[in-house]
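Novice: Structure supplied as coords-v6.txt; contents: compact mmCIF, C-alpha atoms.
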# COMPACT_ATOMS: atom_id res chain seq x y z
CA MET A 172 120.38 114.32 84.54
CA VAL A 173 120.92 110.54 84.40
CA TRP A 174 121.25 108.95 87.83
CA ASN A 175 122.31 105.33 88.38
CA VAL A 176 122.74 103.97 91.88
CA THR A 177 124.46 100.87 93.23
CA ARG A 178 123.67 100.16 96.90
CA ARG A 179 125.48 97.94 99.40
CA LEU A 180 123.02 96.66 101.96
CA GLY A 181 125.62 95.71 104.57
CA GLY A 182 126.95 98.04 107.23
CA VAL A 183 125.38 100.65 109.42
CA THR A 184 124.79 103.19 106.70
CA ARG A 185 122.76 102.60 103.54
CA LEU A 186 122.56 106.19 102.65
CA LEU A 187 122.53 108.03 99.38
CA ILE A 188 123.43 111.68 99.92
CA ALA A 189 125.54 113.17 97.17
CA THR A 190 126.44 116.07 99.43
CA LEU A 191 128.63 118.65 97.77
CA LEU A 192 129.73 121.21 100.33
CA VAL A 193 130.59 124.28 98.38
CA ALA A 194 134.10 124.93 99.67
CA ALA A 195 135.21 121.31 99.55
CA LEU A 196 133.77 120.59 96.15
CA SER A 197 135.29 123.69 94.64
CA MET A 198 138.70 122.19 95.34
CA LEU A 199 137.74 119.01 93.53
CA LEU A 200 137.07 120.70 90.23
CA VAL A 201 140.65 120.77 89.08
CA ALA A 202 139.95 120.63 85.36
CA PRO A 203 139.14 124.08 84.03
CA ALA A 204 135.94 124.43 82.04
CA ALA A 205 134.17 127.28 80.35
CA ALA A 206 131.13 128.64 82.16
CA GLU A 207 128.87 127.42 79.38
CA ASP A 208 130.11 123.87 80.00
CA MET A 209 129.17 123.84 83.68
CA ALA A 210 126.16 122.64 85.66
CA LYS A 211 125.25 123.88 89.11
CA VAL A 212 124.50 121.24 91.71
CA ARG A 213 123.17 121.50 95.26
CA VAL A 214 122.47 118.59 97.60
CA VAL A 215 120.08 118.15 100.51
CA HIS A 216 120.36 115.46 103.22
CA ALA A 217 116.69 114.70 103.85
CA SER A 218 116.87 111.13 105.18
CA PRO A 219 115.66 111.49 108.76
CA ASP A 220 117.13 108.31 110.25
CA ALA A 221 120.45 108.44 108.39
CA PRO A 222 123.68 108.97 110.33
CA ALA A 223 126.48 111.26 109.29
CA VAL A 224 128.40 110.28 106.18
CA ASP A 225 131.45 111.21 104.18
CA ILE A 226 131.02 111.88 100.46
CA TYR A 227 133.54 111.33 97.69
CA VAL A 228 133.30 112.83 94.22
CA ASP A 229 135.32 111.28 91.43
CA GLY A 230 137.51 109.54 94.00
CA ALA A 231 138.32 112.56 96.19
CA VAL A 232 136.73 113.41 99.52
CA ALA A 233 134.28 116.29 99.17
CA VAL A 234 132.61 116.47 102.57
CA GLN A 235 133.03 114.84 105.94
CA GLY A 236 130.44 114.16 108.61
CA LEU A 237 127.39 115.57 106.85
CA GLU A 238 124.26 115.14 108.94
CA PHE A 239 120.53 115.11 108.36
CA GLY A 240 118.99 118.50 107.68
CA ALA A 241 122.03 120.00 105.95
CA ALA A 242 122.03 121.46 102.45
CA THR A 243 124.96 122.55 100.38
CA GLY A 244 125.26 125.67 98.32
CA TYR A 245 125.44 125.37 94.57
CA VAL A 246 128.78 124.39 93.13
CA ASP A 247 129.93 124.38 89.52
CA LEU A 248 130.37 120.88 88.18
CA PRO A 249 131.61 120.21 84.64
CA ALA A 250 128.90 118.82 82.41
CA GLY A 251 129.19 115.09 81.95
CA ALA A 252 129.43 111.97 84.08
CA HIS A 253 130.61 111.95 87.69
CA THR A 254 130.92 109.25 90.33
CA PHE A 255 129.72 109.82 93.89
CA GLU A 256 130.57 107.47 96.74
CA VAL A 257 129.14 107.39 100.25
CA ARG A 258 131.00 105.98 103.24
CA PRO A 259 130.18 106.02 106.94
CA ALA A 260 131.63 109.12 108.55
CA GLY A 261 135.26 108.51 109.44
CA ALA A 262 135.68 105.40 107.31
CA ALA A 263 138.95 104.99 105.44
CA ALA A 264 139.03 106.32 101.90
CA ASP A 265 139.94 102.87 100.57
CA SER A 266 137.12 101.11 102.42
CA PRO A 267 134.20 99.77 100.39
CA ALA A 268 131.64 102.41 99.53
CA VAL A 269 128.20 101.93 101.05
CA ILE A 270 126.70 103.48 97.94
CA THR A 271 128.13 104.27 94.55
CA ALA A 272 126.14 106.61 92.32
CA GLU A 273 126.88 107.81 88.82
CA ALA A 274 125.32 111.05 87.62
CA THR A 275 125.43 112.82 84.29
CA VAL A 276 124.73 116.54 84.54
CA ASP A 277 123.87 118.87 81.68
CA ALA A 278 125.54 122.19 80.99
CA ASN A 279 123.71 125.37 81.97
CA THR A 280 121.31 123.45 84.19
CA TRP A 281 120.76 123.84 87.93
CA TYR A 282 119.96 120.81 90.08
CA THR A 283 118.90 119.98 93.61
CA ILE A 284 119.69 116.39 94.55
CA ALA A 285 117.98 115.16 97.70
CA ALA A 286 118.45 111.91 99.57
CA VAL A 287 114.94 111.05 100.71
CA GLY A 288 113.21 108.25 102.55
CA LEU A 289 114.27 106.11 105.48
CA LEU A 290 117.41 103.99 105.43
CA ALA A 291 115.49 100.89 104.47
CA ASP A 292 114.45 102.34 101.12
CA ILE A 293 116.46 105.54 100.73
CA ALA A 294 116.70 106.87 97.20
CA PRO A 295 118.01 109.91 95.37
CA GLN A 296 115.54 112.42 94.01
CA VAL A 297 116.76 114.83 91.36
CA TYR A 298 114.95 118.13 90.86
CA VAL A 299 115.72 120.60 88.09
CA ASP A 300 115.80 124.12 89.50
CA ASP A 301 114.21 126.88 87.45
CA VAL A 302 116.19 130.02 88.12
CA THR A 303 114.29 132.21 85.71
CA ALA A 304 114.33 135.80 86.93
CA PRO A 305 111.10 136.90 88.62
CA GLU A 306 109.39 139.91 87.13
CA ALA A 307 109.91 143.23 88.85
CA GLY A 308 108.51 143.17 92.36
CA LYS A 309 107.95 139.41 92.41
CA ALA A 310 109.48 136.27 93.92
CA HIS A 311 109.26 132.62 92.85
CA VAL A 312 108.60 129.79 95.33
CA ARG A 313 108.31 126.03 95.12
CA VAL A 314 107.93 123.27 97.71
CA ILE A 315 109.59 119.85 97.92
CA HIS A 316 107.80 117.17 99.95
CA ALA A 317 110.62 115.15 101.55
CA SER A 318 108.84 113.85 104.66
CA PRO A 319 108.58 110.08 104.10
CA ASP A 320 105.64 109.34 106.40
CA ALA A 321 103.58 112.45 105.66
CA PRO A 322 100.54 112.26 103.37
CA ALA A 323 99.56 114.77 100.74
CA VAL A 324 98.36 118.29 101.53
CA ASP A 325 97.04 121.40 99.85
CA VAL A 326 98.41 124.87 100.55
CA ALA A 327 96.17 127.87 100.13
CA VAL A 328 95.97 131.58 100.63
CA THR A 329 94.28 132.19 103.96
CA GLY A 330 90.63 132.35 103.12
CA GLY A 331 91.48 132.05 99.44
CA PRO A 332 92.31 129.63 96.62
CA VAL A 333 94.55 126.58 96.74
CA LEU A 334 98.03 127.34 95.43
CA PHE A 335 99.61 123.89 95.59
CA SER A 336 97.27 120.90 95.56
CA ASN A 337 97.74 117.28 96.56
CA LEU A 338 101.50 117.54 96.94
CA ALA A 339 102.79 114.14 97.99
CA PHE A 340 106.16 112.63 98.93
CA PRO A 341 108.67 112.88 97.28
CA ASN A 342 107.39 115.36 94.72
CA ALA A 343 108.20 119.00 94.10
CA SER A 344 105.69 121.64 93.13
CA ASP A 345 106.15 123.96 90.21
CA TYR A 346 107.61 127.37 90.94
CA LEU A 347 104.91 129.89 91.65
CA PRO A 348 105.39 133.63 90.96
CA VAL A 349 104.07 135.82 93.77
CA ASP A 350 104.19 139.49 94.61
CA ALA A 351 106.93 140.29 97.10
CA GLY A 352 105.56 140.92 100.54
CA THR A 353 104.33 139.23 103.69
CA TYR A 354 101.86 136.38 103.36
CA ASP A 355 99.36 134.42 105.39
CA LEU A 356 99.11 130.74 104.46
CA GLU A 357 97.02 127.80 105.50
CA VAL A 358 97.63 124.08 105.21
CA ARG A 359 94.69 121.81 104.48
CA PRO A 360 94.26 118.06 104.12
CA ALA A 361 94.44 117.32 100.41
CA GLY A 362 91.04 117.89 98.86
CA ALA A 363 89.50 119.28 102.04
CA THR A 364 88.48 122.79 103.02
CA ASP A 365 89.10 122.57 106.76
CA VAL A 366 92.11 124.58 107.90
CA ALA A 367 94.64 122.31 109.60
CA LEU A 368 97.21 125.01 110.25
CA ALA A 369 97.41 128.77 109.79
CA ILE A 370 100.84 130.20 108.96
CA PRO A 371 100.85 134.00 109.19
CA GLY A 372 103.55 136.47 108.35
CA VAL A 373 105.76 134.75 105.76
CA ALA A 374 108.02 137.31 104.06
CA LEU A 375 109.21 136.84 100.47
CA GLU A 376 111.66 139.25 98.86
CA ALA A 377 111.49 140.64 95.34
CA GLY A 378 113.97 139.11 92.92
CA LYS A 379 114.51 135.90 94.92
CA VAL A 380 113.80 132.32 93.91
CA TYR A 381 112.99 130.04 96.84
CA THR A 382 112.77 126.32 97.51
CA VAL A 383 111.23 125.12 100.77
CA VAL A 384 111.95 121.49 101.68
CA ALA A 385 109.76 119.69 104.21
CA ILE A 386 111.93 117.20 106.12
CA GLY A 387 111.65 114.93 109.16
CA GLN A 388 108.92 112.56 110.25
CA LEU A 389 105.45 112.88 111.65
CA ALA A 390 105.90 109.72 113.71
CA ASP A 391 108.64 111.11 115.95
CA SER A 392 107.56 114.76 115.90
CA SER A 393 110.64 115.82 113.95
CA LEU A 394 108.82 117.49 111.05
CA ALA A 395 110.57 120.70 110.04
CA VAL A 396 111.33 122.77 106.98
CA LEU A 397 114.60 123.64 105.30
CA PRO A 398 114.36 126.96 103.40
CA LEU A 399 116.74 127.58 100.52
CA VAL A 400 117.33 130.50 98.19
CA ASP A 401 117.97 129.16 94.71
CA ALA A 402 119.06 132.48 93.21
CA THR A 403 118.86 136.22 93.71
CA PHE A 404 118.18 138.73 90.95
CA ASP A 405 117.82 142.47 90.82
CA ALA A 406 114.49 143.26 92.45
CA THR A 407 113.46 145.26 89.39
CA GLY A 408 113.58 142.11 87.25
CA GLY A 409 116.06 140.60 84.81
CA GLY A 410 119.81 140.42 85.04
CA ASP A 411 121.95 137.43 85.91
CA PRO A 412 121.37 135.36 89.04
CA SER A 413 123.72 135.51 91.98
CA VAL A 414 124.05 132.32 93.99
CA MET A 415 123.85 132.26 97.76
CA PRO A 416 126.63 130.30 99.51
CA ASN A 417 125.82 127.49 101.92
CA THR A 418 122.06 127.23 102.50
CA GLY A 419 121.36 130.64 101.02
CA VAL A 420 118.70 131.61 103.55
CA ALA A 421 117.65 135.13 102.75
CA ASP A 422 117.82 137.91 105.30
CA GLY A 423 114.39 139.25 106.11
CA THR A 424 112.57 136.01 105.30
CA ASN A 425 110.45 134.71 108.13
CA TRP A 426 111.90 131.20 108.07
CA ALA A 427 112.11 131.10 111.86
CA LEU A 428 108.34 130.84 111.81
CA PHE A 429 108.49 127.88 109.46
CA ALA A 430 111.00 126.02 111.63
CA ALA A 431 109.02 126.67 114.79
CA ILE A 432 105.70 125.36 113.51
CA GLY A 433 106.97 121.91 112.54
CA ALA A 434 106.34 120.27 115.89
CA ALA A 435 103.10 122.17 116.48
CA ALA A 436 101.79 121.01 113.13
CA LEU A 437 102.01 117.42 114.30
CA LEU A 438 99.48 118.19 116.99
CA VAL A 439 97.24 120.21 114.73
CA ILE A 440 97.36 118.07 111.62
CA GLY A 441 97.67 114.66 113.27
CA GLY A 442 99.14 112.83 110.31
CA MET A 443 99.10 115.52 107.66
CA ALA A 444 102.29 116.72 106.02
CA LEU A 445 103.27 120.35 106.19
CA ARG A 446 103.52 122.08 102.86
CA PHE A 447 104.38 125.69 102.41
CA ALA A 448 103.81 128.04 99.49
CA PRO A 449 103.35 131.75 98.97
CA ALA A 450 99.97 133.13 99.75
CA ARG A 451 98.21 136.40 100.36
CA ARG A 452 100.27 139.54 100.38
CA ARG A 453 99.60 141.80 103.27
CA SER A 454 99.01 145.45 102.61
So, in terms of structure tokens, how does the structure I just supplied come out?

Specialist:
Amino acid sequence: MVWNVTRRLGGVTRLLIATLLVAALSMLLVAPAAAEDMAKVRVVHASPDAPAVDIYVDGAVAVQGLEFGAATGYVDLPAGAHTFEVRPAGAAADSPAVITAEATVDANTWYTIAAVGLLADIAPQVYVDDVTAPEAGKAHVRVIHASPDAPAVDVAVTGGPVLFSNLAFPNASDYLPVDAGTYDLEVRPAGATDVALAIPGVALEAGKVYTVVAIGQLADSSLAVLPLVDATFDATGGGDPSVMPNTGVADGTNWALFAAIGAAALLVIGGMALRFAPARRRS
């Protein structure tokens, strides 16, 4: 993907969120295209001090009033160049865009586009999503560090090896294959062995590909996680992926635990970023 951004510094909002709500964007794609000529695009609003915005794609409104912490489902977008415009929520369609961004997407490629950072230095981050089918009985998981004031962390199996090391803003980890099951995790300061936070009972389902996005800020105790399901395959392995609408949170996944520990982690870690990854499978 090629991503070029033009930013207007005036106005209340200096936000880049190419937010493509699945229902709205589907209506924008008026030109038919073969499946092999399409990309899949999902967008995450991860700018913690950004207000709600309206998003335009190729001159047509795609989403209105999108707020921090929202993620779209994947939508099909024809391969090639597209123009995204961001306006303050409720602004007239012919008003100057706060941000204009041009993106070129490749066919048969899946993307997550996240608006990260604070308003003063907000920027788009483009991640290529690997929706390779997990082997039978396995899931794939990766983590995106989108908390702008959080330092790097390691994530390890409880009492075991480090799975993701020194993951820093605004990077994404590689996808990690794990056995389906329930896991106990621990978060450690990068390079340290002391346990900053224990995270028991995280359930991962066979045949699912997950992305977990850490959002919010340590400074104002708003750190949280946004769990997404990238794709779902037959649990026995192989086949074609099915795409979850909206956020794609999987039933049976213990994401409530993740959301609940965000604020507590601020007290426990005291300046460390949360980072989540699969860990030990419980028997």

Novice: Smallest atom-to-atom distance to Gly288 of chain A: which of A:Thr271, A:Gln388, A:Ser336, A:Thr303, using only C-alpha atoms?

Specialist: A:Gln388

Novice: Between A:Asp301, A:Asp220, A:Asp401, A:Asp411, which has the minimum distance to Ala286 of chain A (counting only C-alpha atoms)?

Specialist: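 Closest to Ala286 of chain A, using only C-alpha atoms: A:Asp220.
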
Novice: Mind giving me the straight-line distance from atom CA of Val326 of chain A to atom CA of Val373 of chain A in Å, one decimal?

Specialist: 13.4 Å

Novice: Between A:Asp225, A:Asp325, A:Asp277, A:Asp247, which has the minimum distance to Ala262 of chain A (counting only C-alpha atoms)?

Specialist: A:Asp225

Novice: At a cut-off of 6 Å, using all atoms listed in the file, what residues contact Thr329 of chain A? Leave out same-chain residues fewer than 6 positions from it and give the result as an MDAnalysis selection string.

Specialist: chainID A and resid 355:357

Novice: Taking into account all atoms listed in the file, which residue in the set A:Thr254, A:Arg359, A:Ala377, A:Val212 is nearest to Val297 of chain A?

Specialist: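 The answer is A:Val212, which sits nearest to Val297 of chain A.
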
Novice: Which residues are close to Gly236 of chain A, i.e. within 8 Å by all atoms listed in the file, leaving aside same-chain residues fewer than 5 positions away? Reply as a PyMOL selection string.

Specialist: chain A and resi 223-225+260-261

Novice: Name all residues at most 10 Å from Val276 of chain A (count all atoms listed in the file; drop same-chain ones fewer than 5 positions away) and give them as a CSV table (one decimal) with C-alpha atoms, in the coordinates of the input.

Specialist:
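Now in out_12.csv:
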chain,number,residue,atom,x,y,z
A,172,MET,CA,120.4,114.3,84.5
A,173,VAL,CA,120.9,110.5,84.4
A,174,TRP,CA,121.2,109.0,87.8
A,209,MET,CA,129.2,123.8,83.7
A,210,ALA,CA,126.2,122.6,85.7
A,211,LYS,CA,125.2,123.9,89.1
A,212,VAL,CA,124.5,121.2,91.7
A,248,LEU,CA,130.4,120.9,88.2
A,249,PRO,CA,131.6,120.2,84.6
A,250,ALA,CA,128.9,118.8,82.4
A,251,GLY,CA,129.2,115.1,82.0
A,252,ALA,CA,129.4,112.0,84.1
A,253,HIS,CA,130.6,112.0,87.7
A,281,TRP,CA,120.8,123.8,87.9
A,282,TYR,CA,120.0,120.8,90.1
